[in-house]
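*Asks:* Provided herewith: run.cif, mmCIF, C-alpha atoms.
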```
data_structure
#
loop_
_atom_site.label_atom_id
_atom_site.label_comp_id
_atom_site.auth_asym_id
_atom_site.auth_seq_id
_atom_site.Cartn_x
_atom_site.Cartn_y
_atom_site.Cartn_z
CA GLY H 1 -12.09 -13.20 0.38
CA SER H 2 -11.16 -16.82 -0.10
CA GLY H 3 -12.51 -17.10 -3.63
CA ALA H 4 -12.56 -20.66 -4.94
CA GLY H 5 -9.81 -21.83 -2.59
CA ASN H 6 -6.52 -21.08 -4.27
CA LEU H 7 -5.09 -20.31 -0.83
CA ALA H 8 -7.30 -22.33 1.52
CA ILE H 9 -6.81 -25.68 -0.21
CA PRO H 10 -3.00 -25.53 -0.55
CA LEU H 11 -2.80 -24.29 3.05
CA ALA H 12 -4.81 -27.28 4.25
CA GLY H 13 -2.54 -29.56 2.22
CA LEU H 14 0.58 -27.97 3.69
CA LEU H 15 -0.67 -28.37 7.26
CA ARG H 16 -1.52 -32.00 6.63
CA ARG H 17 1.86 -32.66 5.04
CA GLU H 18 3.57 -31.12 8.08
CA GLY H 19 1.74 -33.54 10.34
CA VAL H 20 -0.76 -31.09 11.82
CA SER H 21 -3.89 -33.11 12.45
CA ASN H 22 -6.21 -31.07 14.64
CA PHE H 23 -7.00 -28.11 12.42
CA ASP H 24 -9.74 -26.73 10.25
CA ILE H 25 -9.89 -23.80 7.87
CA LEU H 26 -12.76 -21.34 7.63
CA ALA H 27 -12.84 -19.79 4.16
CA VAL H 28 -14.77 -16.50 4.01
CA ASP H 29 -16.04 -14.73 0.91
CA VAL H 30 -19.08 -12.77 -0.28
CA ASN H 31 -19.32 -14.82 -3.48
CA GLU H 32 -21.52 -17.87 -2.91
CA VAL H 33 -20.66 -19.38 -6.30
CA ALA H 34 -16.94 -19.30 -5.54
CA LEU H 35 -17.54 -20.78 -2.08
CA HIS H 36 -19.60 -23.62 -3.55
CA ARG H 37 -16.77 -24.44 -5.93
CA LEU H 38 -14.28 -24.29 -3.05
CA GLY H 39 -16.38 -26.71 -1.02
CA GLU H 40 -16.56 -29.20 -3.87
CA ARG H 41 -12.80 -29.03 -4.45
CA ALA H 42 -11.97 -29.36 -0.77
CA ASP H 43 -14.34 -32.29 -0.15
CA ALA H 44 -12.76 -34.14 -3.07
CA ILE H 45 -9.34 -33.92 -1.38
CA PHE H 46 -9.85 -33.79 2.39
CA SER H 47 -12.21 -35.26 4.92
CA GLN H 48 -15.45 -33.33 5.19
CA GLY H 49 -15.19 -30.31 7.46
CA THR H 50 -11.45 -29.77 7.04
CA VAL H 51 -12.18 -26.67 4.96
CA ARG H 52 -15.42 -24.93 5.95
CA THR H 53 -16.95 -22.03 4.06
CA LEU H 54 -18.85 -18.96 5.18
CA CYS H 55 -20.57 -16.39 2.97
CA ALA H 56 -19.94 -13.21 4.92
CA ASP H 57 -18.54 -9.72 4.56
CA LEU H 58 -15.23 -9.02 6.28
CA ALA H 59 -16.52 -5.55 7.13
CA GLY H 60 -19.12 -7.15 9.43
CA PRO H 61 -17.04 -9.60 11.48
CA SER H 62 -19.62 -10.69 14.07
CA GLU H 63 -20.77 -13.76 12.14
CA ILE H 64 -17.18 -14.76 11.40
CA LEU H 65 -16.21 -14.44 15.05
CA ARG H 66 -19.14 -16.66 16.04
CA ARG H 67 -17.70 -19.42 13.85
CA ILE H 68 -14.38 -19.44 15.72
CA PRO H 69 -14.57 -21.81 18.73
CA GLU H 70 -13.49 -20.15 21.95
CA ASP H 71 -11.23 -23.07 22.84
CA ARG H 72 -9.31 -22.98 19.54
CA SER H 73 -6.34 -20.87 18.51
CA CYS H 74 -6.83 -18.91 15.32
CA ILE H 75 -4.63 -17.36 12.65
CA VAL H 76 -6.04 -14.91 10.11
CA VAL H 77 -4.51 -15.46 6.66
CA SER H 78 -5.34 -13.20 3.74
CA LEU H 79 -3.91 -13.28 0.22
CA HIS H 80 -4.56 -10.52 -2.33
CA ALA H 81 -7.37 -8.95 -0.32
CA CYS H 82 -7.94 -5.87 -2.45
CA GLY H 83 -7.98 -2.41 -0.93
CA ALA H 84 -9.65 -2.12 2.45
CA ALA H 85 -10.31 -5.87 2.57
CA SER H 86 -6.77 -6.20 3.93
CA ASP H 87 -7.63 -3.74 6.70
CA TYR H 88 -10.79 -5.72 7.48
CA ALA H 89 -8.75 -8.93 7.70
CA MET H 90 -6.39 -7.25 10.16
CA GLU H 91 -9.33 -5.90 12.18
CA LEU H 92 -10.70 -9.46 12.36
CA ALA H 93 -7.36 -10.58 13.80
CA HIS H 94 -7.43 -7.73 16.32
CA LEU H 95 -10.97 -8.56 17.46
CA SER H 96 -10.16 -12.24 17.90
CA ALA H 97 -6.73 -11.53 19.48
CA SER H 98 -5.15 -13.63 16.73
CA PRO H 99 -1.91 -13.39 14.80
CA PHE H 100 -2.24 -12.52 11.12
CA VAL H 101 -0.45 -12.98 7.82
CA VAL H 102 -1.77 -10.52 5.24
CA CYS H 103 -0.61 -10.03 1.64
CA PRO H 104 -2.42 -6.87 0.42
CA CYS H 105 -2.97 -5.67 -3.14
CA CYS H 106 -4.67 -2.90 -5.13
CA THR H 107 -3.90 -0.24 -2.56
CA ALA H 108 -5.82 2.58 -4.25
CA LYS H 109 -9.10 0.62 -4.14
CA SER H 110 -9.27 1.39 -0.43
CA LEU H 111 -9.85 5.05 -1.34
CA THR H 112 -13.33 4.21 -2.63
CA ARG H 113 -16.00 4.51 0.05
CA ARG H 114 -18.72 1.93 0.48
CA ARG H 115 -22.31 3.13 0.33
CA GLU H 116 -23.38 2.07 3.81
CA GLY H 117 -20.82 -0.01 5.70
CA PRO H 118 -20.90 -3.81 5.29
CA ALA H 119 -22.63 -5.37 2.32
CA GLN H 120 -25.99 -6.91 3.17
CA LEU H 121 -26.04 -10.66 2.65
CA ASP H 122 -29.71 -11.33 3.32
CA GLY H 123 -30.48 -12.26 -0.28
CA ASP H 124 -33.80 -10.41 -0.21
CA SER H 125 -33.16 -8.42 -3.36
CA GLN H 126 -31.17 -8.50 -6.54
CA ASN H 127 -29.71 -5.11 -5.61
CA ASN H 128 -28.21 -6.56 -2.44
CA ALA H 129 -26.60 -9.38 -4.41
CA THR H 130 -25.19 -6.87 -6.90
CA ASP H 131 -23.81 -4.61 -4.16
CA MET H 132 -22.31 -7.57 -2.32
CA ASN H 133 -20.17 -8.55 -5.29
CA ALA H 134 -19.45 -5.08 -6.63
CA SER H 135 -15.79 -4.10 -6.57
CA PHE H 136 -16.37 -1.01 -4.41
CA GLN H 137 -18.20 -3.12 -1.82
CA ARG H 138 -15.50 -5.76 -1.64
CA SER H 139 -12.53 -3.38 -1.72
CA GLY H 140 -13.79 -0.01 -0.52
CA ALA H 141 -13.58 1.27 3.02
CA SER H 142 -16.51 1.94 5.31
CA ASP H 143 -16.59 5.06 7.48
CA ASP H 144 -14.81 3.39 10.40
CA ILE H 145 -11.69 2.70 8.31
CA LEU H 146 -9.64 5.90 8.10
CA TYR H 147 -6.37 6.63 6.30
CA PRO H 148 -3.62 7.05 7.24
CA ARG H 149 -4.16 4.18 9.66
CA SER H 150 -1.47 5.09 12.20
CA ASP H 151 -0.47 8.01 14.39
CA TRP H 152 3.05 7.42 13.08
CA LEU H 153 2.18 8.30 9.48
CA ARG H 154 -0.25 11.05 10.45
CA GLY H 155 2.56 12.60 12.47
CA ILE H 156 5.03 12.79 9.59
CA MET H 157 2.73 13.37 6.63
CA PRO H 158 2.46 17.01 5.49
CA PRO H 159 -0.82 18.96 5.83
CA LYS H 160 -3.84 17.88 3.76
CA MET H 161 -3.26 14.30 4.83
CA GLU H 162 -6.16 12.79 2.90
CA GLN H 163 -4.97 14.25 -0.40
CA ASN H 164 -1.38 13.19 0.27
CA TYR H 165 -2.40 9.67 1.27
CA GLU H 166 -4.51 9.40 -1.89
CA VAL H 167 -1.46 10.21 -4.00
CA LEU H 168 0.64 7.75 -1.99
CA ALA H 169 -1.87 4.92 -2.47
CA LYS H 170 -2.14 5.55 -6.20
CA VAL H 171 1.63 5.66 -6.65
CA ALA H 172 1.84 2.32 -4.83
CA ASP H 173 -0.37 0.84 -7.54
CA VAL H 174 0.75 2.52 -10.76
CA GLY H 175 3.84 4.65 -10.10
CA LEU H 176 4.21 8.39 -10.60
CA GLY H 177 3.92 10.23 -13.91
CA PRO H 178 6.08 9.63 -17.01
CA GLN H 179 8.82 7.22 -16.03
CA THR H 180 10.95 4.35 -17.18
CA PRO H 181 9.88 0.84 -16.12
CA SER H 182 12.63 0.70 -13.50
CA GLU H 183 11.62 4.11 -12.11
CA GLN H 184 7.99 3.01 -11.97
CA ARG H 185 8.84 -0.14 -10.02
CA GLU H 186 10.99 1.85 -7.57
CA HIS H 187 8.28 4.47 -6.98
CA GLN H 188 5.71 1.73 -6.47
CA ARG H 189 7.99 -0.17 -4.09
CA ARG H 190 8.67 2.85 -1.91
CA ALA H 191 5.04 3.98 -1.75
CA LYS H 192 3.78 0.46 -1.10
CA LYS H 193 6.27 0.06 1.75
CA ILE H 194 4.98 3.21 3.46
CA VAL H 195 1.33 2.13 3.06
CA GLU H 196 2.00 -1.29 4.59
CA LEU H 197 4.19 0.07 7.39
CA ASP H 198 1.30 2.40 8.21
CA ARG H 199 -1.03 -0.59 8.60
CA LEU H 200 1.43 -2.43 10.80
CA ALA H 201 2.12 0.64 12.92
CA SER H 202 -1.61 0.97 13.54
CA SER H 203 -1.73 -2.63 14.83
CA ALA H 204 1.13 -1.88 17.19
CA GLU H 205 -0.31 1.42 18.43
CA ARG H 206 -3.87 0.25 18.97
CA PHE H 207 -3.45 -3.38 19.99
CA GLY H 208 0.18 -3.88 20.96
CA TYR H 209 1.02 -6.19 18.07
CA TYR H 210 4.61 -6.99 17.19
CA SER H 211 4.65 -7.16 13.41
CA ARG H 212 7.04 -6.90 10.52
CA LEU H 213 6.94 -6.28 6.80
CA VAL H 214 8.46 -8.98 4.62
CA ARG H 215 8.82 -9.40 0.88
CA VAL H 216 8.33 -12.73 -0.84
CA LYS H 217 10.93 -13.11 -3.57
CA ASP H 218 10.24 -15.03 -6.76
#
```
Could I get this file's structure written as structure tokens?
*Replies:*
Amino acid sequence: GSGAGNLAIPLAGLLRREGVSNFDILAVDVNEVALHRLGERADAIFSQGTVRTLCADLAGPSEILRRIPEDRSCIVVSLHACGAASDYAMELAHLSASPFVVCPCCTAKSLTRRREGPAQLDGDSQNNATDMNASFQRSGASDDILYPRSDWLRGIMPPKMEQNYEVLAKVADVGLGPQTPSEQREHQRRAKKIVELDRLASSAERFGYYSRLVRVKD
């Protein structure tokens, strides 16, 4: 999610600096405290309404989609969306027929399954609030998110796909067994590349997206 605005606020500033006037940013997160802080920060810098906030779960996109005006173009931008949250961000782009820029992280967190689909944000109980902000709820996958994501990777991965993908996702995060630091980074880089190409291939196969994997250098 958007957190306290470490992406949304600089993005709004960049658009304004580039002379883009008719835009607004909808920041989505399940953490109401972080969203309140984001709103205060944004209102101190920009005109009111430039950065809007929405407390919602990416796994249940209907409310988010309702907040996107039909006559406006939309781009889905996600930075460090842990685990399956990156897949949910991409699904939001697919459902709204929007381009996306997604920078995933914590690949192995997607292997954890949520209890029952999207977190409930009704605020009726303390348990709901706890589940909403729990790591497995934010980062875990619901039953409609399956791995590997693409026919491409399913077609080349050896039998016992789920077990092999689990190893792949964990190597992308922490490397493989005893290794030197350079070996660890190389194992992580290769595994991470396959995981992200799998996501992009799924977008192409299911929705006809043209996408590419890029690396941001320091």
*Asks:* Considering only C-alpha atoms, return as a ChimeraX atom specification whatever protein or nucleic-acid residues lie within 7 Å of region 2-6 of chain H, sequence-local ones (same chain, fewer than 5 positions apart) excluded.
*Replies:* /H:27-29,34-35,37-38
*Asks:* Could you tell me, as a list of chain:residue names, exactly which residues end up selected when the PyMOL selection byres ((chain H and resi 66) around 12) is applied to this structure?
*Replies:*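 Taken over the shown coordinates, the PyMOL selection byres ((chain H and resi 66) around 12) returns H:Leu26, H:Leu54, H:Ala56, H:Gly60, H:Pro61, H:Ser62, H:Glu63, H:Ile64, H:Leu65, H:Arg67, H:Ile68, H:Pro69, H:Glu70, H:Leu92, H:Leu95, H:Ser96.
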*Asks:* Please compute the CA of Leu15 (chain H)-CA of Tyr209 (chain H) distance, one decimal, in Å.
*Replies:*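 Computing the Euclidean distance for CA of Leu15 (chain H) and CA of Tyr209 (chain H) yields 24.7 Å.
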*Asks:* Residues near Glu166 (chain H), anyone? I mean within 10 Å using all atoms listed in the file, not counting same-chain ones fewer than 2 positions away, as a ChimeraX atom specification.
*Replies:* /H:107-108,110-111,147-148,161-164,168-172
*Asks:* What does the distance from CA of Arg189 (chain H) to CA of Leu176 (chain H) come to in Å, to one decimal?
*Replies:*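 CA of Leu176 (chain H) lies at a distance of 11.4 Å from CA of Arg189 (chain H).
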*Asks:* Please identify all polymer residues lying at most 7 Å from the point (-4.7, -4.7, -1.5) (file coordinates), using only C-alpha atoms, and present the result as a list in words.
*Replies:*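 Counting only C-alpha atoms, I find these residues within 7 Å of (-4.7, -4.7, -1.5): His80, Ala81, Cys82, Gly83, Ala84, Ser86, Pro104, Cys105, Cys106 and Thr107 of chain H.
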*Asks:* Within 10 Å of (-0.8, -5.2, 9.7), in the coordinates the file gives, what residues turn up when you count all atoms listed in the file, written out as a PDB file with C-alpha atoms, in the frame of the given file?
*Replies:*
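What follows is the written file out.pdb:
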```pdb
ATOM      1  CA  SER H  86      -6.770  -6.200   3.930  1.00  0.00           C
ATOM      2  CA  ASP H  87      -7.630  -3.740   6.700  1.00  0.00           C
ATOM      3  CA  ALA H  89      -8.750  -8.930   7.700  1.00  0.00           C
ATOM      4  CA  MET H  90      -6.390  -7.250  10.160  1.00  0.00           C
ATOM      5  CA  GLU H  91      -9.330  -5.900  12.180  1.00  0.00           C
ATOM      6  CA  ALA H  93      -7.360 -10.580  13.800  1.00  0.00           C
ATOM      7  CA  HIS H  94      -7.430  -7.730  16.320  1.00  0.00           C
ATOM      8  CA  PRO H  99      -1.910 -13.390  14.800  1.00  0.00           C
ATOM      9  CA  PHE H 100      -2.240 -12.520  11.120  1.00  0.00           C
ATOM     10  CA  VAL H 101      -0.450 -12.980   7.820  1.00  0.00           C
ATOM     11  CA  VAL H 102      -1.770 -10.520   5.240  1.00  0.00           C
ATOM     12  CA  CYS H 103      -0.610 -10.030   1.640  1.00  0.00           C
ATOM     13  CA  PRO H 104      -2.420  -6.870   0.420  1.00  0.00           C
ATOM     14  CA  ARG H 149      -4.160   4.180   9.660  1.00  0.00           C
ATOM     15  CA  GLU H 196       2.000  -1.290   4.590  1.00  0.00           C
ATOM     16  CA  LEU H 197       4.190   0.070   7.390  1.00  0.00           C
ATOM     17  CA  ASP H 198       1.300   2.400   8.210  1.00  0.00           C
ATOM     18  CA  ARG H 199      -1.030  -0.590   8.600  1.00  0.00           C
ATOM     19  CA  LEU H 200       1.430  -2.430  10.800  1.00  0.00           C
ATOM     20  CA  ALA H 201       2.120   0.640  12.920  1.00  0.00           C
ATOM     21  CA  SER H 202      -1.610   0.970  13.540  1.00  0.00           C
ATOM     22  CA  SER H 203      -1.730  -2.630  14.830  1.00  0.00           C
ATOM     23  CA  ALA H 204       1.130  -1.880  17.190  1.00  0.00           C
ATOM     24  CA  TYR H 209       1.020  -6.190  18.070  1.00  0.00           C
ATOM     25  CA  TYR H 210       4.610  -6.990  17.190  1.00  0.00           C
ATOM     26  CA  SER H 211       4.650  -7.160  13.410  1.00  0.00           C
ATOM     27  CA  ARG H 212       7.040  -6.900  10.520  1.00  0.00           C
ATOM     28  CA  LEU H 213       6.940  -6.280   6.800  1.00  0.00           C
TER      29      LEU H 213
END
```
*Asks:* Quick one, how far is CA of Gln184 (chain H) from CA of Tyr165 (chain H)?
*Replies:*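 We find that CA of Gln184 (chain H) and CA of Tyr165 (chain H) lie 18.1 Å from each other.
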*Asks:* Given all atoms listed in the file as the basis, pick out the residue of H:Met157, H:Ala85, H:Leu14, H:Val76 nearest to Ile145 (chain H).
*Replies:*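 Once distances to Ile145 (chain H) are computed over all atoms listed in the file, the minimum belongs to H:Ala85.
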*Asks:* Which is closer to Ala42 (chain H) than all the others in H:Leu146, H:Arg17, H:Val216, H:Asp24, using only C-alpha atoms?
*Replies:*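 Comparing H:Leu146, H:Arg17, H:Val216, H:Asp24 against Ala42 (chain H), the winner is H:Asp24.
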*Asks:* Please determine, counting all atoms listed in the file, which residue among H:Gly208, H:Gly175, H:Gly155, H:Gly13 has the shortest atom-to-atom distance to Lys192 (chain H).
*Replies:*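 Nearest to Lys192 (chain H): H:Gly175.
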*Asks:* From the options H:Ser73, H:Ser47, H:Ser78, H:Ser139, which residue's atoms come nearest to Ala8 (chain H), counting all atoms listed in the file?
*Replies:*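 Among the listed residues, the smallest separation from Ala8 (chain H) belongs to H:Ser78.
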*Asks:* Set up a box along x, y and z of the file covering all listed atoms of region 41-45 of chain H, add 4 Å on every one of the six sides, and write the centre and edge lengths in Å to one decimal, as lines of an AutoDock Vina configuration file.
*Replies:*
```
center_x = -11.8
center_y = -31.6
center_z = -2.3
size_x = 13.0
size_y = 13.1
size_z = 12.3
```
*Asks:* Taking the file as shown, find all residues satisfying the PyMOL selection byres ((chain H and resi 113) around 6) and write them as a PDB file with C-alpha atoms, keeping the file's coordinate frame.
*Replies:*
```pdb
ATOM      1  CA  THR H 112     -13.330   4.210  -2.630  1.00  0.00           C
ATOM      2  CA  ARG H 114     -18.720   1.930   0.480  1.00  0.00           C
ATOM      3  CA  GLY H 140     -13.790  -0.010  -0.520  1.00  0.00           C
ATOM      4  CA  ALA H 141     -13.580   1.270   3.020  1.00  0.00           C
ATOM      5  CA  SER H 142     -16.510   1.940   5.310  1.00  0.00           C
TER       6      SER H 142
END
```
*Asks:* N, CA and C atoms for region 151-173 of chain H, written as a tab-separated table (two decimals), keeping the file's coordinate frame, could you do that?
*Replies:*
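See part-v8.tsv below for the written result:
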```
chain	number	residue	atom	x	y	z
H	151	ASP	N	-0.96	6.72	13.90
H	151	ASP	CA	-0.47	8.01	14.39
H	151	ASP	C	0.91	8.31	13.83
H	152	TRP	N	1.69	7.26	13.62
H	152	TRP	CA	3.05	7.42	13.08
H	152	TRP	C	3.02	8.15	11.74
H	153	LEU	N	2.20	7.67	10.80
H	153	LEU	CA	2.18	8.30	9.48
H	153	LEU	C	1.47	9.64	9.52
H	154	ARG	N	0.42	9.76	10.32
H	154	ARG	CA	-0.25	11.05	10.45
H	154	ARG	C	0.69	12.11	11.01
H	155	GLY	N	1.63	11.67	11.85
H	155	GLY	CA	2.56	12.60	12.47
H	155	GLY	C	3.64	13.13	11.54
H	156	ILE	N	3.96	12.36	10.49
H	156	ILE	CA	5.03	12.79	9.59
H	156	ILE	C	4.53	13.24	8.23
H	157	MET	N	3.26	12.98	7.93
H	157	MET	CA	2.73	13.37	6.63
H	157	MET	C	2.41	14.86	6.64
H	158	PRO	N	2.73	15.57	5.56
H	158	PRO	CA	2.46	17.01	5.49
H	158	PRO	C	0.97	17.30	5.61
H	159	PRO	N	0.60	18.58	5.76
H	159	PRO	CA	-0.82	18.96	5.83
H	159	PRO	C	-1.60	18.42	4.64
H	160	LYS	N	-2.94	18.47	4.76
H	160	LYS	CA	-3.84	17.88	3.76
H	160	LYS	C	-3.55	16.39	3.63
H	161	MET	N	-3.64	15.71	4.77
H	161	MET	CA	-3.26	14.30	4.83
H	161	MET	C	-4.04	13.44	3.85
H	162	GLU	N	-5.34	13.65	3.75
H	162	GLU	CA	-6.16	12.79	2.90
H	162	GLU	C	-5.71	12.87	1.45
H	163	GLN	N	-5.43	14.10	0.97
H	163	GLN	CA	-4.97	14.25	-0.40
H	163	GLN	C	-3.60	13.61	-0.59
H	164	ASN	N	-2.71	13.78	0.38
H	164	ASN	CA	-1.38	13.19	0.27
H	164	ASN	C	-1.43	11.67	0.33
H	165	TYR	N	-2.29	11.13	1.19
H	165	TYR	CA	-2.40	9.67	1.27
H	165	TYR	C	-2.99	9.12	-0.02
H	166	GLU	N	-3.92	9.85	-0.62
H	166	GLU	CA	-4.51	9.40	-1.89
H	166	GLU	C	-3.44	9.28	-2.96
H	167	VAL	N	-2.56	10.27	-3.04
H	167	VAL	CA	-1.46	10.21	-4.00
H	167	VAL	C	-0.55	9.03	-3.69
H	168	LEU	N	-0.23	8.84	-2.42
H	168	LEU	CA	0.64	7.75	-1.99
H	168	LEU	C	0.07	6.39	-2.40
H	169	ALA	N	-1.24	6.20	-2.15
H	169	ALA	CA	-1.87	4.92	-2.47
H	169	ALA	C	-1.89	4.67	-3.97
H	170	LYS	N	-2.11	5.72	-4.75
H	170	LYS	CA	-2.14	5.55	-6.20
H	170	LYS	C	-0.75	5.27	-6.76
H	171	VAL	N	0.26	5.93	-6.21
H	171	VAL	CA	1.63	5.66	-6.65
H	171	VAL	C	2.01	4.22	-6.33
H	172	ALA	N	1.55	3.70	-5.20
H	172	ALA	CA	1.84	2.32	-4.83
H	172	ALA	C	1.30	1.34	-5.87
H	173	ASP	N	0.22	1.72	-6.54
H	173	ASP	CA	-0.37	0.84	-7.54
H	173	ASP	C	0.23	1.03	-8.93
```
